[in-house]
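S.K.: Data file entry30.cif (mmCIF, C-alpha atoms) is appended below.
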```cif
data_start
#
loop_
_atom_site.label_atom_id
_atom_site.label_comp_id
_atom_site.auth_asym_id
_atom_site.auth_seq_id
_atom_site.Cartn_x
_atom_site.Cartn_y
_atom_site.Cartn_z
CA MET A 2 14.04 -18.55 1.42
CA GLY A 3 11.51 -16.19 2.89
CA ASN A 4 12.15 -12.99 4.79
CA ALA A 5 11.70 -11.60 8.27
CA VAL A 6 8.44 -9.78 8.96
CA SER A 7 8.25 -7.65 12.09
CA LEU A 8 5.09 -6.89 14.02
CA VAL A 9 5.31 -3.99 16.46
CA ARG A 10 2.74 -2.34 18.67
CA ALA A 11 2.71 1.28 17.56
CA GLN A 12 2.86 4.39 19.68
CA SER A 13 0.62 6.82 17.87
CA SER A 14 2.14 10.25 18.37
CA GLY A 15 5.18 12.16 17.14
CA LYS A 16 8.48 10.79 18.40
CA GLU A 17 6.77 7.66 19.67
CA MET A 18 5.61 6.76 16.17
CA GLY A 19 9.15 7.22 14.88
CA SER A 20 10.39 4.94 17.67
CA SER A 21 7.86 2.26 16.69
CA ILE A 22 9.00 2.38 13.07
CA SER A 23 12.66 2.26 14.09
CA GLU A 24 11.93 -0.78 16.25
CA ALA A 25 10.13 -2.52 13.37
CA LEU A 26 13.08 -1.90 11.03
CA ASP A 27 15.67 -2.90 13.62
CA LEU A 28 13.87 -6.23 14.10
CA ILE A 29 14.32 -7.07 10.41
CA ASP A 30 17.89 -5.69 10.36
CA PHE A 31 16.99 -3.23 7.62
CA GLU A 32 20.01 -1.62 6.04
CA LEU A 33 20.46 -0.12 2.59
CA ASN A 34 24.07 -0.45 1.49
CA THR A 35 24.08 2.46 -0.89
CA THR A 36 24.09 6.24 -0.92
CA VAL A 37 20.57 7.62 -0.61
CA ASP A 38 19.89 10.93 -2.32
CA SER A 39 16.29 10.36 -3.46
CA VAL A 40 13.39 8.60 -1.76
CA ALA A 41 9.89 7.73 -2.99
CA ILE A 42 7.25 6.86 -0.38
CA LYS A 43 4.04 5.29 -1.73
CA PRO A 44 1.10 5.32 0.72
CA ASN A 45 -2.32 3.87 -0.07
CA LEU A 46 -4.78 6.68 -0.75
CA CYS A 47 -8.08 4.99 -1.54
CA TYR A 48 -10.64 7.49 -2.79
CA TYR A 49 -11.20 10.21 -0.14
CA TRP A 50 -11.74 8.22 3.05
CA ASP A 51 -9.78 9.27 6.13
CA ALA A 52 -7.23 6.91 7.70
CA TYR A 53 -9.55 6.32 10.67
CA THR A 54 -11.97 4.49 8.36
CA GLY A 55 -9.28 1.85 7.74
CA TYR A 56 -9.12 2.67 4.03
CA THR A 57 -6.08 4.96 3.67
CA THR A 58 -2.53 5.20 4.99
CA ASP A 59 -2.25 7.39 8.08
CA PRO A 60 0.00 10.44 7.56
CA ARG A 61 1.51 9.77 11.00
CA ILE A 62 3.08 6.57 9.67
CA VAL A 63 4.56 8.43 6.71
CA ALA A 64 5.79 11.20 9.03
CA GLY A 65 7.59 8.61 11.15
CA ILE A 66 9.22 7.14 8.05
CA ILE A 67 10.37 10.59 6.92
CA ASP A 68 11.96 11.20 10.32
CA TYR A 69 13.70 7.81 10.13
CA ILE A 70 15.06 8.59 6.64
CA ARG A 71 16.50 11.92 7.72
CA GLU A 72 18.07 10.45 10.83
CA SER A 73 19.60 7.62 8.78
CA TYR A 74 20.57 9.35 5.53
CA GLY A 75 20.75 13.06 6.32
CA ALA A 76 18.52 16.12 6.26
CA ASP A 77 19.14 16.92 2.59
CA VAL A 78 17.66 13.76 1.11
CA ASP A 79 15.08 14.49 -1.61
CA ILE A 80 11.88 12.86 -0.34
CA LYS A 81 8.72 12.53 -2.42
CA VAL A 82 5.38 11.15 -1.23
CA VAL A 83 3.82 9.65 -4.33
CA GLU A 84 0.45 8.39 -5.51
CA ALA A 85 -1.25 7.85 -8.87
CA ASP A 86 -4.73 8.78 -10.05
CA ALA A 87 -7.23 5.93 -10.03
CA THR A 88 -10.55 5.14 -11.64
CA ALA A 89 -12.40 6.64 -8.67
CA MET A 90 -9.81 9.06 -7.26
CA ARG A 91 -7.81 12.11 -8.26
CA THR A 92 -4.53 12.41 -6.42
CA ARG A 93 -4.62 16.20 -6.13
CA TYR A 94 -7.82 15.98 -4.06
CA ALA A 95 -6.68 13.01 -1.99
CA PHE A 96 -3.46 14.75 -0.93
CA LYS A 97 -5.48 17.75 0.26
CA MET A 98 -8.34 15.91 1.95
CA LEU A 99 -6.33 13.19 3.68
CA GLY A 100 -3.78 15.37 5.46
CA TYR A 101 -0.85 15.01 3.09
CA GLU A 102 -0.58 18.67 2.10
CA LYS A 103 -0.24 19.51 5.79
CA LEU A 104 2.33 16.72 6.19
CA ALA A 105 4.35 17.95 3.20
CA LYS A 106 4.48 21.46 4.60
CA GLU A 107 5.49 20.33 8.09
CA LYS A 108 8.12 17.83 6.94
CA ARG A 109 9.33 19.81 3.89
CA VAL A 110 8.75 17.02 1.38
CA GLU A 111 7.24 17.03 -2.11
CA LEU A 112 3.90 15.51 -3.11
CA PHE A 113 4.11 13.88 -6.52
CA ASN A 114 1.41 12.54 -8.85
CA LEU A 115 2.76 9.42 -10.57
CA SER A 116 0.16 9.76 -13.32
CA ARG A 117 1.95 12.94 -14.44
CA ASP A 118 5.41 11.38 -14.43
CA LYS A 119 7.24 10.22 -17.53
CA VAL A 120 6.42 6.55 -17.96
CA GLU A 121 7.96 3.45 -19.41
CA GLU A 122 5.57 0.96 -20.97
CA ARG A 123 6.44 -2.57 -19.97
CA LYS A 124 5.04 -5.88 -21.12
CA VAL A 125 4.97 -8.66 -18.59
CA ASN A 126 3.75 -12.26 -18.84
CA VAL A 127 1.90 -13.60 -15.82
CA ASN A 128 0.05 -16.89 -15.60
CA GLY A 129 -0.10 -17.11 -19.40
CA CYS A 130 -1.45 -13.56 -19.73
CA GLU A 131 0.50 -10.74 -21.42
CA ILE A 132 -0.12 -7.44 -19.64
CA LYS A 133 0.94 -3.94 -20.68
CA LEU A 134 1.69 -1.59 -17.81
CA LYS A 135 2.67 2.06 -17.73
CA VAL A 136 5.32 2.33 -15.03
CA PRO A 137 6.37 5.72 -13.58
CA CYS A 138 10.08 6.27 -14.10
CA LEU A 139 10.46 7.97 -10.72
CA LEU A 140 9.93 4.70 -8.90
CA MET A 141 12.64 2.95 -10.92
CA GLU A 142 15.09 5.82 -10.51
CA SER A 143 14.77 6.54 -6.77
CA ASP A 144 17.58 5.33 -4.50
CA LEU A 145 15.08 4.19 -1.87
CA PHE A 146 11.51 3.11 -2.67
CA ILE A 147 9.26 2.55 0.35
CA ASN A 148 5.86 0.89 0.03
CA VAL A 149 3.41 1.99 2.78
CA PRO A 150 0.13 0.09 2.37
CA LYS A 151 -2.91 -0.11 4.63
CA LEU A 152 -3.94 -3.39 6.25
CA LYS A 153 -7.42 -4.21 4.99
CA VAL A 154 -9.63 -6.72 3.20
CA MET A 155 -11.12 -6.56 -0.28
CA ARG A 156 -13.80 -8.80 -1.74
CA GLU A 157 -12.06 -9.41 -5.05
CA THR A 158 -8.63 -10.31 -3.66
CA LEU A 159 -9.50 -11.18 -0.01
CA ILE A 160 -6.67 -8.98 1.29
CA THR A 161 -5.21 -5.75 0.00
CA CYS A 162 -1.87 -4.79 1.45
CA ALA A 163 1.74 -4.76 0.20
CA MET A 164 1.49 -6.28 -3.28
CA LYS A 165 -1.87 -4.66 -4.07
CA ASN A 166 -0.55 -1.21 -3.09
CA LEU A 167 2.01 -1.47 -5.90
CA PHE A 168 -0.90 -1.99 -8.32
CA GLY A 169 -1.79 1.59 -7.37
CA CYS A 170 1.55 2.74 -8.82
CA ILE A 171 0.42 2.06 -12.38
CA ALA A 172 0.36 5.47 -14.09
CA SER A 173 -2.86 4.86 -16.05
CA PRO A 174 -5.77 6.38 -14.10
CA ARG A 175 -8.34 3.89 -15.42
CA LYS A 176 -7.09 0.88 -13.52
CA VAL A 177 -10.55 -0.64 -13.73
CA VAL A 178 -9.48 -2.03 -17.13
CA TYR A 179 -7.24 -4.49 -15.26
CA HIS A 180 -10.02 -5.86 -13.05
CA PRO A 181 -10.92 -8.81 -15.34
CA PHE A 182 -7.37 -10.11 -14.65
CA LEU A 183 -6.68 -8.21 -11.42
CA ASN A 184 -4.66 -10.93 -9.69
CA GLU A 185 -2.35 -11.29 -12.68
CA ALA A 186 -1.95 -7.50 -12.89
CA ILE A 187 -1.01 -7.32 -9.20
CA VAL A 188 1.70 -9.92 -9.72
CA GLY A 189 2.77 -8.23 -12.96
CA ILE A 190 3.50 -4.85 -11.42
CA ASN A 191 5.31 -6.59 -8.55
CA LYS A 192 7.55 -8.28 -11.11
CA ILE A 193 8.57 -4.84 -12.37
CA LEU A 194 8.63 -2.73 -9.22
CA ARG A 195 10.59 -4.05 -6.27
CA PRO A 196 10.42 -1.71 -3.26
CA ASP A 197 13.40 -1.68 -0.92
CA LEU A 198 11.13 -1.67 2.12
CA THR A 199 7.48 -2.19 3.04
CA VAL A 200 6.00 -0.59 6.16
CA VAL A 201 2.32 -1.42 6.78
CA ASP A 202 -0.09 0.94 8.48
CA GLY A 203 -2.11 -1.24 10.84
CA LEU A 204 -3.02 1.52 13.29
CA VAL A 205 -6.65 1.24 12.19
CA ALA A 206 -7.23 -1.79 9.96
CA LEU A 207 -10.32 -2.65 7.96
CA GLY A 208 -12.15 -5.94 8.14
CA ARG A 209 -15.92 -6.24 8.40
CA PHE A 210 -15.57 -2.87 10.14
CA PRO A 211 -12.59 -0.67 11.09
CA VAL A 212 -10.64 -1.83 14.14
CA LYS A 213 -7.85 -0.18 16.13
CA LEU A 214 -4.93 -2.61 15.96
CA ASP A 215 -2.08 -0.18 16.78
CA LEU A 216 0.16 -2.31 14.56
CA VAL A 217 3.15 -1.59 12.34
CA VAL A 218 4.40 -4.37 10.05
CA ALA A 219 7.73 -4.20 8.22
CA SER A 220 9.71 -6.33 5.78
CA ILE A 221 11.88 -5.99 2.69
CA ASP A 222 9.61 -8.44 0.85
CA PRO A 223 5.98 -7.57 -0.13
CA PHE A 224 5.06 -11.23 -0.64
CA SER A 225 6.17 -12.13 2.89
CA VAL A 226 4.18 -9.21 4.30
CA ASP A 227 1.01 -10.35 2.55
CA TRP A 228 1.52 -13.95 3.65
CA ILE A 229 1.59 -12.86 7.30
CA VAL A 230 -1.13 -10.22 6.97
CA SER A 231 -3.41 -12.89 5.46
CA GLN A 232 -3.09 -14.83 8.70
CA ILE A 233 -3.88 -11.73 10.75
CA VAL A 234 -7.16 -11.16 8.88
CA GLY A 235 -8.07 -14.84 9.15
CA CYS A 236 -7.42 -15.99 5.57
CA ASP A 237 -5.45 -19.03 4.47
CA PRO A 238 -2.66 -17.39 2.43
CA SER A 239 -2.22 -20.50 0.30
CA LYS A 240 -5.75 -19.91 -1.06
CA ILE A 241 -5.28 -16.25 -2.01
CA LYS A 242 -5.10 -16.18 -5.78
CA PHE A 243 -2.45 -13.50 -6.34
CA LEU A 244 -0.17 -15.13 -3.75
CA LYS A 245 -0.60 -18.50 -5.49
CA ILE A 246 0.25 -16.87 -8.83
CA ALA A 247 3.25 -15.10 -7.27
CA MET A 248 4.60 -18.46 -6.09
CA LYS A 249 4.05 -19.96 -9.54
CA GLU A 250 5.92 -17.02 -11.09
CA LYS A 251 8.82 -17.45 -8.62
CA LEU A 252 8.06 -14.05 -7.10
CA GLY A 253 7.55 -15.32 -3.57
CA ASN A 254 8.08 -18.35 -1.38
CA PRO A 255 6.52 -18.90 2.06
CA ASP A 256 9.29 -21.30 3.12
CA GLY A 257 11.42 -19.68 5.75
CA ILE A 258 9.25 -16.63 6.42
CA VAL A 259 9.73 -15.70 10.06
CA THR A 260 7.96 -13.18 12.26
CA CYS A 261 9.61 -11.15 14.99
CA GLY A 262 8.17 -8.92 17.66
CA GLU A 263 4.50 -9.50 18.49
CA LYS A 264 2.65 -12.72 17.69
CA VAL A 265 0.25 -13.01 14.74
CA ALA A 266 -2.39 -14.58 16.98
CA VAL A 267 -2.58 -11.46 19.15
CA PHE A 268 -3.94 -9.43 16.24
CA ASN A 269 -5.89 -12.23 14.59
CA GLU A 270 -8.02 -12.61 17.72
CA ILE A 271 -9.31 -9.03 17.52
CA PHE A 272 -9.48 -8.59 13.75
CA PRO A 273 -13.15 -8.34 12.63
CA LYS A 274 -13.73 -11.25 10.27
CA ASP A 275 -15.37 -10.40 6.98
CA ASN A 276 -18.94 -11.33 6.18
CA SER A 277 -18.57 -12.38 2.54
CA ILE A 278 -22.27 -12.01 1.71
CA PHE A 279 -22.44 -8.48 3.12
CA ALA A 280 -19.08 -7.56 1.54
CA ARG A 281 -20.26 -8.72 -1.87
CA TRP A 282 -23.51 -6.74 -1.57
CA SER A 283 -21.68 -3.63 -0.32
CA TRP A 284 -19.02 -3.76 -3.06
CA ASN A 285 -21.57 -4.31 -5.84
CA THR A 286 -23.75 -1.47 -4.54
CA GLN A 287 -20.81 0.95 -4.42
CA LEU A 288 -19.73 -0.05 -7.92
CA ARG A 289 -23.24 0.43 -9.36
CA LEU A 290 -23.52 3.86 -7.76
CA LEU A 291 -20.08 4.87 -9.06
CA LYS A 292 -20.95 3.72 -12.59
CA LEU A 293 -24.26 5.61 -12.46
CA TYR A 294 -22.53 8.77 -11.21
CA HIS A 295 -19.89 8.53 -13.92
CA LYS A 296 -22.53 7.98 -16.59
CA ILE A 297 -24.44 11.09 -15.49
CA VAL A 298 -21.60 13.57 -14.97
CA GLY A 299 -18.72 12.05 -16.96
CA ASP A 300 -16.26 12.12 -14.06
CA VAL A 301 -15.60 10.37 -10.76
CA VAL A 302 -14.76 13.49 -8.77
CA PRO A 303 -17.70 14.88 -6.78
CA PRO A 304 -18.40 18.51 -7.78
CA SER A 305 -18.10 19.59 -4.13
CA LEU A 306 -14.36 18.92 -4.31
CA GLU A 307 -13.67 21.00 -7.38
CA GLY A 308 -13.24 24.20 -5.38
CA ILE A 309 -10.82 22.93 -2.73
#
```
Could the structure of this file be written out as structure tokens, please?

M.R.:
Amino acid sequence: MGNAVSLVRAQSSGKEMGSSISEALDLIDFELNTTVDSVAIKPNLCYYWDAYTGYTTDPRIVAGIIDYIRESYGADVDIKVVEADATAMRTRYAFKMLGYEKLAKEKRVELFNLSRDKVEERKVNVNGCEIKLKVPCLLMESDLFINVPKLKVMRETLITCAMKNLFGCIASPRKVVYHPFLNEAIVGINKILRPDLTVVDGLVALGRFPVKLDLVVASIDPFSVDWIVSQIVGCDPSKIKFLKIAMKEKLGNPDGIVTCGEKVAVFNEIFPKDNSIFARWSWNTQLRLLKLYHKIVGDVVPPSLEGI
């Protein structure tokens, strides 16, 4: 059976954001029947683009989740906001530039680089492909693991949301090595890491251009989230490769998925549909420029950031 996926119109400030998140979780009857002493919250920090571009998780969403955790499980819960280095991003810069250092100070939480954690190397077979993944131990040891992706499109996978955000948990910085079998790698890490909750930042989503959706999506199942988000962005989820592989690997099943709260069609009507020709040109141009930059300077971090 599938799972409930809630869609809630978000109120964007302070207490109102916390209320929107509480509403989204109440709609799916979220409840963790265990003692919670440690929490890991994984946003999507994609390079150094601000949340208003549609690329990265808005700190306001994470702040609302932190407030919810403390109201539900007590003020003394150990909360870590986590991210891993990527081929084109260093976490220490992203935390500073994207408002997370300010958030950590205000909410008294820790920022944690998963690429510096102790790791467990796992082998996983997906679609006939054996994949080795370095998995941060913190995510397997936390009492509550919350996945907080951004709602956006990506040329290679059509959508990038709940399941793709877990790909960002892989401790190895050079995730580009997985791109030849990216869909299998996405499913592989989702076989290993199973978040207790997914809360999607759809305040500003990214299609052909950024759009203000004022949307929060929540579910306990990443596959169900991506199935519904695919419909919001105008894709047929049955044709998205990593979702097809996930079904083949018994990791997800669309049968019985239900939505509660707002209707999918409300957001689908205003979501800017992707121009595949332009998206392909834009992605290839960015990749060529990144490769050229890396070849010249030997790093992916712009020198202007080194002093911050």

S.K.: Let me know the residues the PyMOL selection byres ((chain A and resi 227) around 10) catches in the file above, as a list in words.

M.R.: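 Expected selection for the PyMOL selection byres ((chain A and resi 227) around 10) here is Val6, Leu152, Ile160, Thr161, Cys162, Ala163, Met164, Lys165, Val201, Asp222, Pro223, Phe224, Ser225, Val226, Trp228, Ile229, Val230, Ser231, Gln232, Ile233, Pro238, Ile241 and Leu244 of chain A.
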
S.K.: Which one is closest to Pro181 (chain A): A:Leu204, A:Glu157, A:Asp68, A:Asp215? Count only C-alpha atoms.

M.R.: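 Of A:Leu204, A:Glu157, A:Asp68, A:Asp215, the one nearest Pro181 (chain A) is A:Glu157, counting only C-alpha atoms.
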
S.K.: Find the distance between CA of Gly208 (chain A) and CA of Asn148 (chain A) and write it in Å to one decimal.

M.R.: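 Rounded to one decimal, the two atoms are 20.9 Å apart.
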
S.K.: Determine the residue set returned by the PyMOL selection byres ((chain A and resi 52-65) around 7) for the present structure, and present it as a PyMOL selection string.

M.R.: chain A and resi 18-19+22+44-47+50-51+66-69+100-101+104+150-151+153+202+205-207+211

S.K.: Could you list, as an MDAnalysis selection string, every residue within 12 Å of Glu142 (chain A), counting all atoms listed in the file and ignoring same-chain residues fewer than 2 positions away?

M.R.: chainID A and resid 37:41 118:121 136:140 144:146 194:196

S.K.: The PyMOL selection byres ((chain A and resi 209) around 6) - which residues does that actually catch in the file I just gave you? List them as a list in words.

M.R.: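 After applying the PyMOL selection byres ((chain A and resi 209) around 6), what remains is Gly208, Phe210, Pro273, Lys274 and Asp275 of chain A.
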
S.K.: Find the residues near Asp86 (chain A): any atom within 8 Å, counting all atoms listed in the file, skip ones fewer than 3 places away on the same chain, and give them as a list in words.

M.R.: Met90, Arg91, Thr92, Asn114, Leu115, Ser116, Ala172, Ser173 and Pro174 of chain A

S.K.: So the first atom is CA of Asp30 (chain A) and the second is CA of Glu17 (chain A); what is the distance between them in Å, to one decimal place?

M.R.: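 Taking CA of Asp30 (chain A) and CA of Glu17 (chain A), their separation equals 19.7 Å.
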
S.K.: When you look at Val9 (chain A) with a cut-off of 8 Å (counting all atoms listed in the file), what residues show up, excluding the ones that are within fewer than 5 positions of it in the same chain? I need them as JSON, numbers by chain.

M.R.: {"A": [21, 24, 25, 216, 217, 218, 262, 263]}

S.K.: Quick one: everything within 10 Å of region 248-251 of chain A, counting all atoms listed in the file, minus sequence neighbours fewer than 5 positions away in the same chain. Send it as a list in words.

M.R.: Asn126, Val127, Asn128, Val188, Gly189, Lys192, Phe224, Ser239, Lys242 and Phe243 of chain A

S.K.: For Leu8 (chain A), which of A:Cys261, A:Ile187, A:Leu134, A:Met141 is the closest residue, counting only C-alpha atoms?

M.R.: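 Of all the options, A:Cys261 lies closest to Leu8 (chain A).
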
S.K.: Nearest residue to Ala87 (chain A) out of A:Cys130, A:Leu159, A:Val149, A:Val178, using only C-alpha atoms?

M.R.: A:Val178

S.K.: Calculated over all atoms listed in the file, which of the candidates A:Gly235, A:Val259, A:Lys240, A:Leu214 has the smallest distance to Leu28 (chain A)?

M.R.: A:Val259

S.K.: Could region 159-218 of chain A be written out with C-alpha atoms, as a JSON list (two decimals), in the first residue's frame, please?

M.R.:
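As a result, decode_1.json now contains:
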```
[["chain", "number", "residue", "atom", "x", "y", "z"],
["A", 159, "LEU", "CA", 13.15, 15.05, -14.53],
["A", 160, "ILE", "CA", 12.38, 15.78, -10.87],
["A", 161, "THR", "CA", 14.63, 16.15, -7.86],
["A", 162, "CYS", "CA", 12.91, 15.99, -4.52],
["A", 163, "ALA", "CA", 12.64, 13.42, -1.70],
["A", 164, "MET", "CA", 14.57, 10.43, -3.04],
["A", 165, "LYS", "CA", 17.21, 12.54, -4.82],
["A", 166, "ASN", "CA", 17.88, 14.54, -1.63],
["A", 167, "LEU", "CA", 19.02, 11.34, 0.07],
["A", 168, "PHE", "CA", 21.58, 10.92, -2.73],
["A", 169, "GLY", "CA", 23.10, 14.07, -1.25],
["A", 170, "CYS", "CA", 23.71, 12.17, 2.01],
["A", 171, "ILE", "CA", 26.45, 10.06, 0.46],
["A", 172, "ALA", "CA", 29.63, 11.01, 2.33],
["A", 173, "SER", "CA", 31.90, 10.98, -0.74],
["A", 174, "PRO", "CA", 32.23, 14.56, -2.04],
["A", 175, "ARG", "CA", 32.76, 13.51, -5.66],
["A", 176, "LYS", "CA", 29.24, 12.35, -6.33],
["A", 177, "VAL", "CA", 29.75, 13.01, -10.02],
["A", 178, "VAL", "CA", 31.24, 9.49, -10.22],
["A", 179, "TYR", "CA", 27.70, 8.13, -9.77],
["A", 180, "HIS", "CA", 26.21, 10.11, -12.65],
["A", 181, "PRO", "CA", 26.66, 7.35, -15.29],
["A", 182, "PHE", "CA", 24.21, 5.28, -13.18],
["A", 183, "LEU", "CA", 22.54, 8.11, -11.28],
["A", 184, "ASN", "CA", 19.04, 6.62, -11.17],
["A", 185, "GLU", "CA", 20.34, 3.36, -9.73],
["A", 186, "ALA", "CA", 22.44, 5.27, -7.17],
["A", 187, "ILE", "CA", 19.39, 7.26, -6.06],
["A", 188, "VAL", "CA", 17.45, 4.06, -5.47],
["A", 189, "GLY", "CA", 20.48, 2.46, -3.84],
["A", 190, "ILE", "CA", 20.89, 5.08, -1.13],
["A", 191, "ASN", "CA", 17.13, 4.99, -0.52],
["A", 192, "LYS", "CA", 17.41, 1.26, 0.09],
["A", 193, "ILE", "CA", 19.90, 1.97, 2.87],
["A", 194, "LEU", "CA", 18.62, 5.21, 4.39],
["A", 195, "ARG", "CA", 14.97, 5.34, 5.37],
["A", 196, "PRO", "CA", 13.99, 8.73, 6.83],
["A", 197, "ASP", "CA", 11.20, 8.78, 9.39],
["A", 198, "LEU", "CA", 9.65, 11.84, 7.78],
["A", 199, "THR", "CA", 9.91, 13.93, 4.62],
["A", 200, "VAL", "CA", 8.89, 17.60, 4.59],
["A", 201, "VAL", "CA", 9.23, 19.31, 1.20],
["A", 202, "ASP", "CA", 10.03, 22.99, 0.79],
["A", 203, "GLY", "CA", 7.72, 24.20, -1.97],
["A", 204, "LEU", "CA", 7.66, 27.84, -0.88],
["A", 205, "VAL", "CA", 9.59, 28.76, -4.03],
["A", 206, "ALA", "CA", 9.84, 25.84, -6.45],
["A", 207, "LEU", "CA", 11.96, 25.58, -9.57],
["A", 208, "GLY", "CA", 10.66, 24.66, -12.98],
["A", 209, "ARG", "CA", 11.58, 26.51, -16.16],
["A", 210, "PHE", "CA", 11.96, 29.43, -13.76],
["A", 211, "PRO", "CA", 11.42, 29.87, -9.99],
["A", 212, "VAL", "CA", 7.79, 30.17, -8.91],
["A", 213, "LYS", "CA", 6.21, 31.05, -5.57],
["A", 214, "LEU", "CA", 4.01, 28.06, -4.69],
["A", 215, "ASP", "CA", 3.74, 28.61, -0.91],
["A", 216, "LEU", "CA", 3.52, 24.83, -0.54],
["A", 217, "VAL", "CA", 4.59, 22.36, 2.14],
["A", 218, "VAL", "CA", 4.40, 18.64, 1.32]]
```
